[in-house]
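structure.csv, holding CSV, N, CA and C atoms:
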```csv
chain,number,residue,atom,x,y,z
N,11,MET,N,30.1,148.7,84.6
N,11,MET,CA,28.9,148.9,83.9
N,11,MET,C,27.8,149.2,84.8
N,12,LYS,N,27.4,150.5,84.9
N,12,LYS,CA,26.4,151.0,85.7
N,12,LYS,C,25.0,150.8,85.0
N,13,THR,N,24.1,150.3,85.7
N,13,THR,CA,22.7,150.1,85.1
N,13,THR,C,21.7,150.8,86.0
N,14,ARG,N,20.7,151.3,85.4
N,14,ARG,CA,19.6,151.8,86.1
N,14,ARG,C,18.8,150.7,86.7
N,15,ARG,N,18.1,150.9,87.7
N,15,ARG,CA,17.3,149.9,88.5
N,15,ARG,C,16.4,149.1,87.5
N,16,GLY,N,15.7,149.8,86.7
N,16,GLY,CA,14.7,149.1,85.8
N,16,GLY,C,15.4,148.2,84.7
N,17,GLU,N,16.6,148.5,84.4
N,17,GLU,CA,17.3,147.7,83.4
N,17,GLU,C,17.6,146.3,83.8
N,18,ILE,N,17.7,146.1,85.2
N,18,ILE,CA,18.0,144.8,85.7
N,18,ILE,C,16.9,143.8,85.2
N,19,TRP,N,15.7,144.3,85.1
N,19,TRP,CA,14.5,143.4,84.8
N,19,TRP,C,14.2,143.4,83.3
N,20,THR,N,14.7,144.3,82.5
N,20,THR,CA,14.3,144.4,81.1
N,20,THR,C,15.5,144.3,80.1
N,21,SER,N,16.7,144.1,80.6
N,21,SER,CA,17.8,144.0,79.6
N,21,SER,C,17.6,142.7,78.8
N,22,ARG,N,18.4,142.6,77.8
N,22,ARG,CA,18.3,141.4,76.9
N,22,ARG,C,18.7,140.1,77.7
N,23,ARG,N,19.7,140.2,78.5
N,23,ARG,CA,20.2,139.1,79.4
N,23,ARG,C,19.1,138.7,80.4
N,24,ALA,N,18.4,139.7,80.9
N,24,ALA,CA,17.3,139.5,81.9
N,24,ALA,C,16.1,138.8,81.2
N,25,LEU,N,15.8,139.2,80.0
N,25,LEU,CA,14.7,138.6,79.3
N,25,LEU,C,14.9,137.2,79.0
N,26,TRP,N,16.1,136.8,78.6
N,26,TRP,CA,16.5,135.4,78.4
N,26,TRP,C,16.4,134.6,79.7
N,27,ALA,N,16.8,135.3,80.8
N,27,ALA,CA,16.7,134.6,82.1
N,27,ALA,C,15.3,134.4,82.5
N,28,HIS,N,14.4,135.4,82.3
N,28,HIS,CA,13.0,135.2,82.6
N,28,HIS,C,12.4,134.1,81.8
N,29,LEU,N,12.7,134.0,80.5
N,29,LEU,CA,12.2,132.9,79.7
N,29,LEU,C,12.7,131.6,80.2
N,30,ALA,N,13.9,131.5,80.6
N,30,ALA,CA,14.5,130.2,81.1
N,30,ALA,C,13.8,129.8,82.4
N,31,ILE,N,13.6,130.7,83.3
N,31,ILE,CA,13.0,130.4,84.6
N,31,ILE,C,11.5,130.1,84.4
N,32,ALA,N,10.9,130.7,83.4
N,32,ALA,CA,9.4,130.4,83.1
N,32,ALA,C,9.2,129.0,82.5
N,33,ILE,N,10.3,128.5,81.9
N,33,ILE,CA,10.2,127.1,81.5
N,33,ILE,C,10.7,126.1,82.5
N,34,TRP,N,11.7,126.5,83.3
N,34,TRP,CA,12.4,125.6,84.3
N,34,TRP,C,11.4,125.3,85.4
N,35,VAL,N,10.8,126.3,86.1
N,35,VAL,CA,10.0,126.0,87.3
N,35,VAL,C,8.8,125.1,87.0
N,36,PRO,N,8.0,125.4,85.9
N,36,PRO,CA,6.9,124.5,85.6
N,36,PRO,C,7.4,123.1,85.2
N,37,GLY,N,8.5,123.1,84.5
N,37,GLY,CA,9.1,121.7,84.2
N,37,GLY,C,9.4,120.9,85.4
N,38,CYS,N,10.1,121.6,86.4
N,38,CYS,CA,10.4,120.9,87.6
N,38,CYS,C,9.1,120.5,88.4
N,39,SER,N,8.1,121.3,88.3
N,39,SER,CA,6.8,121.0,89.0
N,39,SER,C,6.2,119.8,88.3
N,40,LEU,N,6.2,119.8,87.0
N,40,LEU,CA,5.6,118.7,86.3
N,40,LEU,C,6.4,117.4,86.6
N,41,ALA,N,7.7,117.4,86.6
N,41,ALA,CA,8.5,116.3,87.0
N,41,ALA,C,8.2,115.8,88.4
N,42,CYS,N,8.0,116.7,89.3
N,42,CYS,CA,7.7,116.4,90.7
N,42,CYS,C,6.4,115.7,90.8
N,43,TRP,N,5.4,116.2,90.1
N,43,TRP,CA,4.0,115.6,90.1
N,43,TRP,C,4.1,114.2,89.5
N,44,TRP,N,4.9,114.0,88.4
N,44,TRP,CA,5.0,112.7,87.8
N,44,TRP,C,5.7,111.7,88.8
N,45,GLN,N,6.7,112.2,89.5
N,45,GLN,CA,7.4,111.3,90.4
N,45,GLN,C,6.5,110.9,91.6
N,46,VAL,N,5.7,111.8,92.0
N,46,VAL,CA,4.7,111.5,93.1
N,46,VAL,C,3.8,110.4,92.6
N,47,GLN,N,3.3,110.5,91.4
N,47,GLN,CA,2.5,109.5,90.8
N,47,GLN,C,3.2,108.1,90.8
N,48,VAL,N,4.5,108.2,90.4
N,48,VAL,CA,5.3,106.9,90.4
N,48,VAL,C,5.4,106.4,91.8
N,49,ALA,N,5.6,107.2,92.8
N,49,ALA,CA,5.8,106.8,94.1
N,49,ALA,C,4.5,106.2,94.7
N,50,LEU,N,3.4,106.8,94.3
N,50,LEU,CA,2.1,106.3,94.8
N,50,LEU,C,1.7,105.0,94.2
N,51,SER,N,2.3,104.7,93.0
N,51,SER,CA,2.0,103.4,92.4
N,51,SER,C,2.9,102.3,93.0
N,52,GLY,N,3.8,102.6,93.9
N,52,GLY,CA,4.5,101.5,94.6
N,52,GLY,C,6.0,101.6,94.5
N,53,ASP,N,6.6,102.5,93.7
N,53,ASP,CA,8.0,102.6,93.6
N,53,ASP,C,8.5,103.6,94.6
N,54,ASP,N,9.2,103.1,95.7
N,54,ASP,CA,9.7,103.9,96.8
N,54,ASP,C,10.7,104.9,96.3
N,55,LEU,N,11.5,104.6,95.3
N,55,LEU,CA,12.5,105.6,94.8
N,55,LEU,C,11.8,106.9,94.3
N,56,GLY,N,10.6,106.8,93.9
N,56,GLY,CA,9.9,107.9,93.4
N,56,GLY,C,9.7,109.0,94.4
N,57,TRP,N,9.7,108.6,95.7
N,57,TRP,CA,9.6,109.6,96.8
N,57,TRP,C,10.9,110.5,96.8
N,58,VAL,N,12.0,109.9,96.6
N,58,VAL,CA,13.3,110.6,96.6
N,58,VAL,C,13.3,111.6,95.4
N,59,TYR,N,12.9,111.1,94.3
N,59,TYR,CA,12.8,112.0,93.1
N,59,TYR,C,11.8,113.1,93.3
N,60,SER,N,10.7,112.8,94.0
N,60,SER,CA,9.7,113.8,94.1
N,60,SER,C,10.1,115.0,95.1
N,61,VAL,N,11.1,114.7,95.9
N,61,VAL,CA,11.7,115.8,96.7
N,61,VAL,C,12.8,116.5,95.9
N,62,MET,N,13.5,115.7,95.1
N,62,MET,CA,14.6,116.3,94.3
N,62,MET,C,14.2,117.4,93.4
N,63,TRP,N,13.1,117.2,92.7
N,63,TRP,CA,12.6,118.2,91.6
N,63,TRP,C,12.3,119.5,92.2
N,64,PRO,N,11.6,119.6,93.4
N,64,PRO,CA,11.5,121.0,93.9
N,64,PRO,C,12.8,121.6,94.3
N,65,CYS,N,13.7,120.8,94.7
N,65,CYS,CA,15.1,121.4,95.0
N,65,CYS,C,15.7,122.0,93.8
N,66,PHE,N,15.6,121.3,92.7
N,66,PHE,CA,16.1,121.8,91.4
N,66,PHE,C,15.4,123.1,91.0
N,67,ALA,N,14.1,123.2,91.3
N,67,ALA,CA,13.3,124.4,91.0
N,67,ALA,C,13.9,125.6,91.8
N,68,VAL,N,14.1,125.3,93.1
N,68,VAL,CA,14.6,126.4,94.0
N,68,VAL,C,16.1,126.8,93.5
N,69,PHE,N,16.9,125.8,93.2
N,69,PHE,CA,18.2,126.1,92.6
N,69,PHE,C,18.1,127.0,91.4
N,70,GLY,N,17.2,126.7,90.5
N,70,GLY,CA,17.0,127.5,89.3
N,70,GLY,C,16.6,129.0,89.7
N,71,ILE,N,15.7,129.1,90.7
N,71,ILE,CA,15.3,130.5,91.1
N,71,ILE,C,16.5,131.2,91.7
N,72,VAL,N,17.3,130.6,92.5
N,72,VAL,CA,18.4,131.3,93.0
N,72,VAL,C,19.4,131.7,91.9
N,73,PHE,N,19.6,130.8,91.0
N,73,PHE,CA,20.5,131.1,89.8
N,73,PHE,C,19.9,132.2,89.0
N,74,TRP,N,18.6,132.2,88.8
N,74,TRP,CA,18.0,133.3,88.1
N,74,TRP,C,18.2,134.6,88.8
N,75,TRP,N,18.0,134.7,90.1
N,75,TRP,CA,18.2,135.9,90.9
N,75,TRP,C,19.6,136.4,90.8
N,76,HIS,N,20.6,135.5,90.9
N,76,HIS,CA,22.0,136.0,90.8
N,76,HIS,C,22.3,136.4,89.4
N,77,LEU,N,21.8,135.8,88.4
N,77,LEU,CA,22.0,136.2,87.0
N,77,LEU,C,21.5,137.6,86.8
N,78,LEU,N,20.4,137.9,87.4
N,78,LEU,CA,19.9,139.3,87.2
N,78,LEU,C,20.7,140.3,87.9
N,79,HIS,N,21.1,140.0,89.1
N,79,HIS,CA,21.7,141.0,90.0
N,79,HIS,C,23.2,141.1,90.0
N,80,ASP,N,23.9,140.1,89.4
N,80,ASP,CA,25.4,140.2,89.2
N,80,ASP,C,25.7,141.1,88.0
N,81,ASP,N,26.7,141.9,88.2
N,81,ASP,CA,27.2,142.7,87.1
N,81,ASP,C,28.3,141.9,86.3
N,82,PRO,N,28.0,141.7,85.0
N,82,PRO,CA,29.0,140.9,84.3
N,82,PRO,C,30.3,141.5,84.2
N,83,GLU,N,30.4,142.8,84.4
N,83,GLU,CA,31.7,143.5,84.3
N,83,GLU,C,32.5,143.3,85.6
N,84,MET,N,31.9,142.8,86.7
N,84,MET,CA,32.6,142.6,87.9
N,84,MET,C,32.8,141.2,88.3
N,85,ILE,N,32.4,140.2,87.5
N,85,ILE,CA,32.6,138.8,87.9
N,85,ILE,C,33.3,138.1,86.8
N,86,GLY,N,33.9,137.0,87.0
N,86,GLY,CA,34.5,136.1,86.0
N,86,GLY,C,35.8,136.8,85.5
N,87,THR,N,36.2,136.5,84.3
N,87,THR,CA,37.4,136.9,83.7
N,87,THR,C,37.4,138.4,83.6
N,88,ARG,N,36.3,139.0,83.1
N,88,ARG,CA,36.2,140.4,82.9
N,88,ARG,C,36.5,141.2,84.3
N,89,GLY,N,35.8,140.7,85.3
N,89,GLY,CA,36.0,141.3,86.6
N,89,GLY,C,37.4,141.2,87.1
N,90,LEU,N,38.0,140.1,86.9
N,90,LEU,CA,39.4,139.9,87.3
N,90,LEU,C,40.4,140.8,86.6
N,91,ARG,N,40.2,140.9,85.3
N,91,ARG,CA,41.0,141.9,84.5
N,91,ARG,C,40.8,143.3,85.0
N,92,ARG,N,39.5,143.7,85.2
N,92,ARG,CA,39.2,145.0,85.7
N,92,ARG,C,39.9,145.3,87.0
N,93,SER,N,39.8,144.4,87.9
N,93,SER,CA,40.4,144.6,89.3
N,93,SER,C,42.0,144.6,89.1
N,94,GLN,N,42.6,143.9,88.3
N,94,GLN,CA,44.0,143.9,88.1
N,94,GLN,C,44.4,145.3,87.5
N,95,ARG,N,43.7,145.8,86.5
N,95,ARG,CA,44.0,147.1,85.9
N,95,ARG,C,43.9,148.2,87.0
N,96,THR,N,42.8,148.1,87.8
N,96,THR,CA,42.6,149.1,88.8
N,96,THR,C,43.8,149.0,89.9
N,97,ALA,N,44.2,147.8,90.2
N,97,ALA,CA,45.2,147.6,91.2
N,97,ALA,C,46.6,148.2,90.6
N,98,GLU,N,46.8,147.9,89.4
N,98,GLU,CA,48.0,148.3,88.7
N,98,GLU,C,48.1,149.9,88.7
N,99,GLY,N,46.9,150.4,88.4
N,99,GLY,CA,46.8,151.9,88.3
N,99,GLY,C,47.1,152.6,89.6
N,100,HIS,N,46.5,152.0,90.7
N,100,HIS,CA,46.6,152.7,92.0
N,100,HIS,C,47.9,152.4,92.7
N,101,ALA,N,48.3,151.1,92.7
N,101,ALA,CA,49.4,150.8,93.5
N,101,ALA,C,50.6,150.4,92.7
N,102,GLY,N,50.5,150.4,91.4
N,102,GLY,CA,51.6,149.9,90.5
N,102,GLY,C,52.9,150.7,90.7
N,103,ALA,N,52.8,152.0,90.6
N,103,ALA,CA,54.1,152.8,90.7
N,103,ALA,C,54.7,152.7,92.1
N,104,GLU,N,53.9,152.7,93.1
N,104,GLU,CA,54.4,152.6,94.5
N,104,GLU,C,55.0,151.2,94.7
N,105,GLU,N,54.3,150.2,94.3
N,105,GLU,CA,54.8,148.8,94.5
N,105,GLU,C,56.1,148.6,93.7
N,106,ARG,N,56.2,149.1,92.5
N,106,ARG,CA,57.4,149.0,91.7
N,106,ARG,C,58.6,149.7,92.4
N,107,ARG,N,58.3,150.9,92.9
N,107,ARG,CA,59.3,151.6,93.6
N,107,ARG,C,59.9,150.9,94.8
N,108,ARG,N,58.9,150.3,95.6
N,108,ARG,CA,59.3,149.5,96.8
N,108,ARG,C,60.1,148.3,96.3
N,109,SER,N,59.7,147.6,95.3
N,109,SER,CA,60.3,146.4,94.8
N,109,SER,C,61.7,146.7,94.3
N,110,GLU,N,61.9,147.8,93.6
N,110,GLU,CA,63.2,148.2,93.1
N,110,GLU,C,64.1,148.6,94.3
N,111,GLU,N,63.6,149.2,95.3
N,111,GLU,CA,64.3,149.6,96.4
N,111,GLU,C,64.8,148.3,97.2
N,112,ALA,N,63.9,147.4,97.3
N,112,ALA,CA,64.3,146.1,98.0
N,112,ALA,C,65.4,145.4,97.2
N,113,ILE,N,65.3,145.3,95.9
N,113,ILE,CA,66.3,144.7,95.1
N,113,ILE,C,67.6,145.4,95.2
N,114,ARG,N,67.6,146.7,95.2
N,114,ARG,CA,68.8,147.5,95.3
N,114,ARG,C,69.5,147.3,96.7
N,115,LEU,N,68.7,147.2,97.8
N,115,LEU,CA,69.3,147.0,99.1
N,115,LEU,C,69.9,145.5,99.2
N,116,ALA,N,69.2,144.6,98.6
N,116,ALA,CA,69.6,143.2,98.6
N,116,ALA,C,70.9,143.1,97.8
N,117,GLU,N,71.0,143.8,96.7
N,117,GLU,CA,72.2,143.7,95.9
N,117,GLU,C,73.4,144.4,96.5
N,118,GLU,N,73.1,145.4,97.3
N,118,GLU,CA,74.2,146.1,98.1
N,118,GLU,C,74.8,145.1,99.1
N,119,GLN,N,73.9,144.3,99.7
N,119,GLN,CA,74.4,143.4,100.8
N,119,GLN,C,75.0,142.1,100.2
N,120,ASP,N,74.6,141.8,99.0
N,120,ASP,CA,75.1,140.5,98.4
N,120,ASP,C,75.6,140.8,97.0
N,121,PRO,N,76.9,140.9,96.8
N,121,PRO,CA,77.4,141.2,95.4
N,121,PRO,C,77.2,140.0,94.5
N,122,GLU,N,77.1,138.8,95.0
N,122,GLU,CA,76.8,137.6,94.1
N,122,GLU,C,75.4,137.8,93.5
N,123,LEU,N,74.5,138.2,94.3
N,123,LEU,CA,73.1,138.4,93.9
N,123,LEU,C,73.1,139.5,92.8
N,124,ALA,N,73.8,140.6,93.0
N,124,ALA,CA,73.9,141.6,92.0
N,124,ALA,C,74.4,141.1,90.7
N,125,ALA,N,75.5,140.3,90.7
N,125,ALA,CA,76.0,139.7,89.5
N,125,ALA,C,75.1,138.8,88.8
N,126,TYR,N,74.3,138.0,89.6
N,126,TYR,CA,73.4,137.1,89.1
N,126,TYR,C,72.2,137.8,88.4
N,127,ASN,N,71.7,138.9,89.0
N,127,ASN,CA,70.7,139.7,88.4
N,127,ASN,C,71.1,140.3,87.1
N,128,ASP,N,72.4,140.8,87.1
N,128,ASP,CA,72.9,141.4,85.9
N,128,ASP,C,73.0,140.3,84.8
N,129,TYR,N,73.4,139.1,85.1
N,129,TYR,CA,73.5,138.0,84.2
N,129,TYR,C,72.1,137.7,83.6
N,130,LEU,N,71.1,137.6,84.5
N,130,LEU,CA,69.7,137.3,84.0
N,130,LEU,C,69.2,138.5,83.1
N,131,ALA,N,69.5,139.7,83.5
N,131,ALA,CA,69.0,140.8,82.7
N,131,ALA,C,69.7,140.7,81.3
N,132,GLU,N,71.0,140.4,81.2
N,132,GLU,CA,71.6,140.2,79.9
N,132,GLU,C,71.0,139.1,79.1
N,133,LEU,N,70.7,138.0,79.7
N,133,LEU,CA,70.1,136.9,79.0
N,133,LEU,C,68.7,137.3,78.5
N,134,SER,N,68.0,138.0,79.2
N,134,SER,CA,66.7,138.5,78.8
N,134,SER,C,66.8,139.4,77.6
N,135,ARG,N,67.8,140.3,77.6
N,135,ARG,CA,68.0,141.2,76.5
N,135,ARG,C,68.4,140.4,75.2
N,136,GLN,N,69.3,139.4,75.4
N,136,GLN,CA,69.7,138.6,74.3
N,136,GLN,C,68.6,137.8,73.7
N,137,ASP,N,67.8,137.3,74.6
N,137,ASP,CA,66.6,136.4,74.2
N,137,ASP,C,65.6,137.3,73.4
N,138,GLY,N,65.4,138.5,73.9
N,138,GLY,CA,64.5,139.4,73.2
N,138,GLY,C,65.0,139.8,71.8
N,139,ALA,N,66.3,139.9,71.6
N,139,ALA,CA,66.8,140.2,70.3
N,139,ALA,C,66.8,139.1,69.4
N,140,ARG,N,66.8,137.8,69.9
N,140,ARG,CA,66.9,136.6,69.0
N,140,ARG,C,65.5,136.2,68.5
N,141,ILE,N,64.4,136.6,69.2
N,141,ILE,CA,63.1,136.1,68.8
N,141,ILE,C,62.8,136.7,67.4
N,142,ARG,N,62.4,135.8,66.5
N,142,ARG,CA,62.1,136.3,65.2
N,142,ARG,C,60.7,136.9,65.2
N,143,PRO,N,60.4,137.9,64.4
N,143,PRO,CA,59.1,138.5,64.4
N,143,PRO,C,57.9,137.5,64.1
N,144,SER,N,58.1,136.4,63.4
N,144,SER,CA,57.1,135.5,63.1
N,144,SER,C,56.7,134.7,64.4
N,145,THR,N,57.5,134.6,65.4
N,145,THR,CA,57.2,133.8,66.6
N,145,THR,C,56.8,134.7,67.7
N,146,ARG,N,56.8,136.0,67.6
N,146,ARG,CA,56.3,136.8,68.7
N,146,ARG,C,54.8,136.8,68.8
N,147,ARG,N,54.3,136.9,70.0
N,147,ARG,CA,52.9,137.0,70.2
N,147,ARG,C,52.3,138.3,69.8
N,148,ARG,N,51.1,138.2,69.3
N,148,ARG,CA,50.5,139.5,68.8
N,148,ARG,C,49.4,139.9,69.7
```
If you took the structure in this file and wrote it as structure tokens, what would it be?
Amino acid sequence: MKTRRGEIWTSRRALWAHLAIAIWVPGCSLACWWQVQVALSGDDLGWVYSVMWPCFAVFGIVFWWHLLHDDPEMIGTRGLRRSQRTAEGHAGAEERRRSEEAIRLAEEQDPELAAYNDYLAELSRQDGARIRPSTRRR
């Protein structure tokens, strides 16, 4: 998914991210101010929390930045599927040819392996014929 530079800041996803960060950072700032007030009143644990809230705000800003600049088609499950399709398209035929060649050479050297592979292939054919249409994946 190619986007123009301006769409990074104005897409629907970006607008939701802007709204979230516009609420998150002031909320963290307010919580920090509140914890400073708690700490000044004598609760020493408030100092820890008064440092924690700005860290949360910075984390939110980093998350916001990555949310805007990451391409959803290149990350997560969609990105993995895309890279697998690309790899299959480019190297699939060559890799299959090499794999078949390696199997053929191994079977020439070991007749038991060839017989076992034939046995497994026959089982696979029989299993495919026995599966009822109602139990097949769609």
Give me the segment 40-81 of chain N side of the contact with segment 25-34 of chain N, cut-off 6.5 Å, one line per residue showing its nearest atom pair and distance in Å at one decimal, counting only N, CA and C atoms, sorted by chain and residue number, as CSV.
```
residue,atom,partner,partner_atom,distance
N:Ala67,CA,N:Trp34,C,6.0
N:Gly70,C,N:Ile31,CA,6.4
N:Trp74,CA,N:Ala27,CA,6.3
```
Check your understanding: atom CA of Gly52 of chain N and atom N of Cys38 of chain N are how many Å apart?
Key -> 22.4 Å
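Put simply, atom CA of Ser60 of chain N is 12.7 Å away from atom CA of Gly37 of chain N.
Put simply, atom C of Met62 of chain N is 11.2 Å away from atom C of Trp44 of chain N.
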Practice item. Check the smallest atom-to-atom distance from each of N:Gln45, N:Ser51, N:Gln136, N:Ser21 to Trp63 of chain N using only C-alpha atoms, then report the winner. Key: N:Gln45
